[in-house]
Every structure is written in C-alpha cells, then in structure tokens.
Amino acid sequence: MAIFTFCTLSSCSEKNESPSYTADFDWAIDSENPNQVNFTNKSEGEYLYFEWDYGNGEESGTQTDKTYQGTSFYPNKGQYSATIKVWGPTNTNEDTKTYTETITISEDDEDYISPEPEEGLIWSDEFNGTSVDLANWEFETGAGGWGNQELQNYTDGDNAHISNGRLIITAKKVDDNKTAGSYTSSRMVTKGLQEFTYGRMEIRAKLPEGTGMWPAIWMLGANISEVSWPACGEIDIMEYVGYQPNIVHSTVHTPSGYAGNGNGNKITLDTAEEEFHTYGVIWTEESLTFYVDTQDNVVHTYAPAVKNSNNWPFNKPHFFILNVAVGGSWGGVNGVDNSIFPQTMEVDYVRVYEL
Ligand SMILES: [Ca+2]
C-alpha cells in the first residue's frame, strides 16, 4: 500500500508527496483465471485521471472514471512491475504521482504456448524480438476512412508492439466524438516485402471485443496499384465485427462479387475473444479453403468451376494485412462503444507452408 495517505504537509518534503492527492491501487489474481489480474484504483484526493501500466506491455489508457476497474492478462509465469500514474489538478507532467507493485504470476497459461511450426514452412513471422520487423511489415497510415467510413487513424507504429512473442495491435480512443481520427490503431502490410502465390497460410490470433471493433487478417493482390480493387483480388482469412460476438467470417472479393456481394461464410467460435485460435486458408490453383484451428473445420470454400480474371484473380502474388479498424460500414453498424478502449488484437504468428 502507498504511504502517501499518511503524509501531512510538514512531513512530506519530497516533491511527489503533495498531500492533495495520492497514488495507490490494489490488485488480485482473478478467482477463475490464474493468469488474469484485476486492479482496483485506491488513489484519493483531488486528481484528474489515472493510468495503469500493467507491466506486461499493456496499459489501461487514461481513465477519468475513478472507479474504473482494470484487468490484464499475464500469460507467462513471472514477476511484473505494475504502476499507476495519477495526474494532479494542474494537469501537467510535473504534477503526477506514481505507485508500483510487483505482480507475481505462478504458472504459464497453456493456451499461450506457441505450437511449433509444422513441416513445409516457407516463411513465418513469429513476432519474437523486441520490435515489429520492418523487413516484413510496413505500417500504412492515415484517417481517411479506408473506403469504409472507418474512424481510426492508423499510426506509423505507435499502436503496435511486440510482447512475449506476440504482436499486439492496440486500438485506442483519442476523443469522444466518434468521428474520423477519434481512435488510433495499426494496419500492417507485407506489400513489396513478403508476397505469396498459393500455399497454406496460418495465423494464430486472439481478437478484440466490443461494439465498434473490426479486426481483420487478410490478403490483397500485389498488383493492386496497377489494376485496382477488386480486380487485384482479396482473401479475407478472418474478419470479425465486435457487435456480433463469437462469429468469425472468411470471404473472397473479386470483380464477379465484392463488397456486400463478396463470396464468404461464417462460423461460431465461442472463445474468439478469450483464447488464441488458428485462422487458416489452403490456397491452391483450384480453390481457397478457409478453416479455423484444424483443416477439417472448414468455414468456407471458394472454387469457381471455370476460372477467369473476373472470378479468379488468385493466380498471382498476394500480401498479408493485419489491422484493427474501428467503426465503419460494417464494424460500425451498431455504432462504437467508447467504454471498451483500449482494445487489442494479439497475433502469435503468421506462417506460410508449401502445399
Ligand atoms: Ca509467437
């Protein structure tokens, strides 16, 4: 517990111990999940807002609701330093206080152990290391709606980081206006860096939750700059809209069927937001077969009998895209719940196998 509570004007000589407010919190391991920690703000006095750095690469974002309950997931056994930062009445960086506690996690979460690659691996990004590998990924930036009236501003890497062998894309709220730029997020592409024609693509990921979220794991034809969309072809390996929890979609877009007329299907996946799942596509010269977790759990198969450039632009290289959109023509059908932020999509790996 923080000692600041007992300070008086005369005894608190250090600059961070003004008696007007205190920084303090309690934490407890969740009763049902040994890898989840729940946080309670115990700061007192005249302060404006607070933020937790959970010590595991995740942050709470600034919270003006002083009763806000933090929660964070610690997949790996170990000790973590969690810190609460509290902003005082003058709302300056000088007028803040912090308080840190050591979080002890006693066991690894089995769901978080990465399966080893299978035989035939051509390429992968396992998201080891300390930062996003720019030999594989480029950040696409901007708040122009991305063709779907989306509301996020994609930043140049500020909303993506590597932690514990995972890529974490974080969607954050900037303001309450629910207009373009009211949120920040990331969109990462392998365009010009890692492109593939045919193969078995597998991505292991855990999805964000809440109304307004629209994460996607997909591919676009590498010739998009020459022939435009949808002539380039689009392979949506996994798409998810937060207002329809636990339903994941796989869709193909071509000149013969695109946007609302894309060719796709969906499947129920009860723990899409709580656990990692593997989203895959088997891409041959004949067909695209989408699956979840195992190759026999098929979401959708696309295989036009007679192939031409209108229905099969899938005979040339495509690149990967990982992104978390907010709002927009599909994700925003039921609006955006501003209470859900920040939200994360975690990606354990992107792997490509030969057929
Ligand atoms: Ca990994």
# chains A, B, ... in the order shown; residues from 1 in each chain; ligands from 1
call {"tool": "residues_near_ligand", "arguments": {"ligand": "ligand 1", "cutoff": "12 Å", "atoms": "only C-alpha atoms and all ligand atoms", "output": "VMD selection string"}}
result
chain A and resid 112 to 117 124 to 130 132 162 to 168 203 to 205 276 346 to 351
call {"tool": "closest_atom_pairs", "arguments": {"of": "segment 152-250 of chain A", "to": "segment 335-341 of chain A", "cutoff": "10 Å", "atoms": "only C-alpha atoms", "output": "tab-separated table"}}
result
residue	atom	partner	partner_atom	distance
A:Thr170	CA	A:Phe341	CA	8.9
A:Ala171	CA	A:Phe341	CA	7.0
A:Lys172	CA	A:Phe341	CA	5.7
A:Lys173	CA	A:Phe341	CA	6.0
A:Val174	CA	A:Phe341	CA	9.7
A:Asp175	CA	A:Asn338	CA	9.0
A:Asp176	CA	A:Asn338	CA	7.0
A:Asn177	CA	A:Asn338	CA	9.4
A:Lys178	CA	A:Val336	CA	7.2
A:Ser182	CA	A:Asn338	CA	9.9
A:Tyr183	CA	A:Phe341	CA	9.2
A:Pro208	CA	A:Ile340	CA	9.6
A:Glu209	CA	A:Ile340	CA	7.7
A:Gly210	CA	A:Ile340	CA	6.1
A:Thr211	CA	A:Asp337	CA	5.4
A:Gly212	CA	A:Val336	CA	4.1
A:Met213	CA	A:Val336	CA	7.6
A:Gly242	CA	A:Val336	CA	9.4
A:Tyr243	CA	A:Gly335	CA	8.8
call {"tool": "write_last_selection", "arguments": {"atoms": "N, CA and C atoms", "output": "mmCIF file, in the first residue's frame"}}
result
data_model
loop_
_atom_site.group_PDB
_atom_site.id
_atom_site.type_symbol
_atom_site.label_atom_id
_atom_site.label_comp_id
_atom_site.auth_asym_id
_atom_site.auth_seq_id
_atom_site.Cartn_x
_atom_site.Cartn_y
_atom_site.Cartn_z
ATOM 1 N N THR A 170 -3.000 -2.315 -30.760
ATOM 2 C CA THR A 170 -3.898 -1.714 -29.778
ATOM 3 C C THR A 170 -4.690 -0.580 -30.416
ATOM 4 N N ALA A 171 -6.008 -0.692 -30.336
ATOM 5 C CA ALA A 171 -6.884 0.408 -30.746
ATOM 6 C C ALA A 171 -7.168 1.265 -29.518
ATOM 7 N N LYS A 172 -6.924 2.571 -29.662
ATOM 8 C CA LYS A 172 -7.084 3.486 -28.539
ATOM 9 C C LYS A 172 -8.080 4.585 -28.894
ATOM 10 N N LYS A 173 -8.745 5.073 -27.872
ATOM 11 C CA LYS A 173 -9.659 6.197 -28.049
ATOM 12 C C LYS A 173 -8.895 7.501 -27.839
ATOM 13 N N VAL A 174 -9.069 8.441 -28.774
ATOM 14 C CA VAL A 174 -8.420 9.752 -28.673
ATOM 15 C C VAL A 174 -9.380 10.781 -28.089
ATOM 16 N N ASP A 175 -10.618 10.760 -28.587
ATOM 17 C CA ASP A 175 -11.641 11.681 -28.067
ATOM 18 C C ASP A 175 -13.001 10.985 -28.150
ATOM 19 N N ASP A 176 -14.034 11.656 -27.681
ATOM 20 C CA ASP A 176 -15.362 11.038 -27.611
ATOM 21 C C ASP A 176 -16.248 11.349 -28.812
ATOM 22 N N ASN A 177 -15.669 11.932 -29.860
ATOM 23 C CA ASN A 177 -16.504 12.466 -30.948
ATOM 24 C C ASN A 177 -17.053 11.412 -31.894
ATOM 25 N N LYS A 178 -16.426 10.225 -31.913
ATOM 26 C CA LYS A 178 -16.847 9.158 -32.834
ATOM 27 C C LYS A 178 -16.809 9.625 -34.285
ATOM 28 N N SER A 182 -10.974 9.800 -34.223
ATOM 29 C CA SER A 182 -11.289 9.709 -32.785
ATOM 30 C C SER A 182 -10.610 8.518 -32.124
ATOM 31 N N TYR A 183 -9.997 7.659 -32.951
ATOM 32 C CA TYR A 183 -9.299 6.482 -32.430
ATOM 33 C C TYR A 183 -7.980 6.335 -33.186
ATOM 34 N N PRO A 208 -9.980 -8.673 -30.433
ATOM 35 C CA PRO A 208 -10.533 -7.662 -29.525
ATOM 36 C C PRO A 208 -12.036 -7.849 -29.375
ATOM 37 N N GLU A 209 -12.618 -7.139 -28.416
ATOM 38 C CA GLU A 209 -14.043 -7.292 -28.153
ATOM 39 C C GLU A 209 -14.717 -5.931 -28.064
ATOM 40 N N GLY A 210 -16.019 -5.936 -28.263
ATOM 41 C CA GLY A 210 -16.828 -4.742 -28.049
ATOM 42 C C GLY A 210 -17.385 -4.150 -29.329
ATOM 43 N N THR A 211 -18.522 -3.492 -29.187
ATOM 44 C CA THR A 211 -19.216 -2.909 -30.325
ATOM 45 C C THR A 211 -18.376 -1.809 -30.963
ATOM 46 N N GLY A 212 -18.139 -1.964 -32.257
ATOM 47 C CA GLY A 212 -17.333 -0.993 -32.998
ATOM 48 C C GLY A 212 -15.996 -1.543 -33.455
ATOM 49 N N MET A 213 -15.566 -2.673 -32.861
ATOM 50 C CA MET A 213 -14.289 -3.257 -33.277
ATOM 51 C C MET A 213 -14.456 -4.025 -34.584
ATOM 52 N N GLY A 242 -17.240 -6.689 -33.733
ATOM 53 C CA GLY A 242 -17.450 -6.860 -32.302
ATOM 54 C C GLY A 242 -18.906 -6.877 -31.877
ATOM 55 N N TYR A 243 -19.800 -6.295 -32.691
ATOM 56 C CA TYR A 243 -21.214 -6.299 -32.301
ATOM 57 C C TYR A 243 -21.878 -7.659 -32.552
#
call {"tool": "closest_residue", "arguments": {"among": "A:Asp30, A:Asn38, A:Glu354, A:Trp229", "to": "Gly147 of chain A", "atoms": "only C-alpha atoms"}}
result
A:Trp229
call {"tool": "atom_distance", "arguments": {"atom1": "atom CA of Tyr49 of chain A", "atom2": "atom CA of Lys66 of chain A"}}
result
7.0 Å
call {"tool": "select_by_dssp", "arguments": {"residues": "segment 131-246 of chain A", "states": "strand (DSSP E)", "output": "PyMOL selection string"}}
result
chain A and resi 138-139+152-154+160-163+166-173+183-185+187-189+195-196+199-206+213-221+234-239
call {"tool": "residues_around", "arguments": {"residues": "Gly181 of chain A", "least_positions_apart": "2", "cutoff": "8 Å", "atoms": "only C-alpha atoms", "output": "ChimeraX atom specification"}}
result
/A:143,151-153,174,179,183-184
call {"tool": "write_last_selection", "arguments": {"atoms": "N, CA and C atoms", "output": "compact mmCIF listing (two decimals), in the first residue's frame"}}
result
# COMPACT_ATOMS: atom_id res chain seq x y z
N ALA A 143 -6.17 8.57 -41.68
CA ALA A 143 -7.52 8.55 -41.08
C ALA A 143 -8.57 8.85 -42.14
N LEU A 151 -13.23 4.91 -38.62
CA LEU A 151 -12.98 6.08 -37.77
C LEU A 151 -11.56 6.14 -37.20
N GLN A 152 -10.77 5.09 -37.43
CA GLN A 152 -9.45 5.09 -36.81
C GLN A 152 -8.43 5.83 -37.67
N ASN A 153 -7.46 6.40 -36.97
CA ASN A 153 -6.26 6.94 -37.59
C ASN A 153 -5.16 5.89 -37.42
N VAL A 174 -9.07 8.44 -28.77
CA VAL A 174 -8.42 9.75 -28.67
C VAL A 174 -9.38 10.78 -28.09
N THR A 179 -15.79 10.41 -34.61
CA THR A 179 -15.58 10.84 -35.99
C THR A 179 -14.20 10.35 -36.44
N TYR A 183 -10.00 7.66 -32.95
CA TYR A 183 -9.30 6.48 -32.43
C TYR A 183 -7.98 6.33 -33.19
N THR A 184 -7.01 5.70 -32.55
CA THR A 184 -5.79 5.33 -33.26
C THR A 184 -5.68 3.81 -33.27
call {"tool": "residues_around", "arguments": {"residues": "Glu44 of chain A", "least_positions_apart": "6", "cutoff": "8 Å", "atoms": "only C-alpha atoms", "output": "list in words"}}
result
Tyr21, Thr22, Ala23 and Asp24 of chain A
call {"tool": "atom_distance", "arguments": {"atom1": "atom CA of Lys266 of chain A", "atom2": "atom CA of Val281 of chain A"}}
result
13.7 Å
call {"tool": "residues_around", "arguments": {"residues": "Asn33 of chain A", "least_positions_apart": "4", "cutoff": "10 Å", "atoms": "only C-alpha atoms", "output": "ChimeraX atom specification"}}
result
/A:29,37,73,109
call {"tool": "closest_atom_pairs", "arguments": {"of": "segment 193-214 of chain A", "to": "segment 304-318 of chain A", "cutoff": "10 Å", "atoms": "only C-alpha atoms", "output": "Markdown table"}}
result
| residue | atom | partner | partner_atom | distance |
| --- | --- | --- | --- | --- |
| A:Gln194 | CA | A:His318 | CA | 8.6 |
| A:Glu195 | CA | A:His318 | CA | 5.3 |
| A:Phe196 | CA | A:Pro317 | CA | 4.8 |
| A:Thr197 | CA | A:Pro317 | CA | 4.5 |
| A:Tyr198 | CA | A:Asn315 | CA | 7.7 |
call {"tool": "write_last_selection", "arguments": {"atoms": "N, CA and C atoms", "output": "PDB file, in the first residue's frame"}}
result
ATOM      1  N   GLN A 194       6.898  -9.391 -48.411  1.00  0.00           N
ATOM      2  CA  GLN A 194       6.640 -10.832 -48.339  1.00  0.00           C
ATOM      3  C   GLN A 194       5.336 -11.090 -49.084  1.00  0.00           C
ATOM      4  N   GLU A 195       5.461 -11.653 -50.285  1.00  0.00           N
ATOM      5  CA  GLU A 195       4.278 -11.900 -51.111  1.00  0.00           C
ATOM      6  C   GLU A 195       4.272 -13.358 -51.560  1.00  0.00           C
ATOM      7  N   PHE A 196       3.081 -13.924 -51.683  1.00  0.00           N
ATOM      8  CA  PHE A 196       2.978 -15.362 -51.913  1.00  0.00           C
ATOM      9  C   PHE A 196       1.863 -15.666 -52.914  1.00  0.00           C
ATOM     10  N   THR A 197       2.105 -16.722 -53.716  1.00  0.00           N
ATOM     11  CA  THR A 197       1.087 -17.285 -54.595  1.00  0.00           C
ATOM     12  C   THR A 197       0.926 -18.752 -54.220  1.00  0.00           C
ATOM     13  N   TYR A 198      -0.247 -19.128 -53.801  1.00  0.00           N
ATOM     14  CA  TYR A 198      -0.562 -20.480 -53.332  1.00  0.00           C
ATOM     15  C   TYR A 198       0.199 -20.791 -52.030  1.00  0.00           C
TER      16      TYR A 198
END
call {"tool": "closest_residue", "arguments": {"among": "A:Leu288, A:Ala272, A:Ser225, A:Glu94", "to": "Ser250 of chain A", "atoms": "only C-alpha atoms"}}
result
A:Leu288
call {"tool": "select_by_dssp", "arguments": {"residues": "segment 87-232 of chain A", "states": "helix (DSSP H, G or I)", "output": "list of chain:residue names"}}
result
A:Glu110, A:Asp111, A:Tyr112, A:Ile224, A:Ser225, A:Glu226, A:Val227
call {"tool": "write_last_selection", "arguments": {"atoms": "C-alpha atoms", "output": "CSV table (one decimal), in the first residue's frame"}}
result
chain,number,residue,atom,x,y,z
A,110,GLU,CA,-1.1,-23.4,-21.6
A,111,ASP,CA,-3.2,-21.7,-24.3
A,112,TYR,CA,-0.4,-19.2,-24.8
A,224,ILE,CA,-3.5,-3.5,-56.7
A,225,SER,CA,-1.6,-0.4,-57.7
A,226,GLU,CA,-1.9,-1.4,-61.4
A,227,VAL,CA,-5.3,-3.0,-61.6
call {"tool": "residues_around", "arguments": {"residues": "Gly328 of chain A", "least_positions_apart": "6", "cutoff": "6 Å", "atoms": "only C-alpha atoms", "output": "ChimeraX atom specification"}}
result
/A:148-150
call {"tool": "atom_distance", "arguments": {"atom1": "atom CA of Tyr74 of chain A", "atom2": "atom CA of Trp218 of chain A"}}
result
27.7 Å
call {"tool": "residues_around", "arguments": {"residues": "Tyr154 of chain A", "least_positions_apart": "5", "cutoff": "9 Å", "atoms": "only C-alpha atoms", "output": "count of residues only"}}
result
14
call {"tool": "closest_residue", "arguments": {"among": "A:Tyr54, A:Leu207, A:Thr90, A:Trp137", "to": "Glu274 of chain A", "atoms": "only C-alpha atoms"}}
result
A:Leu207
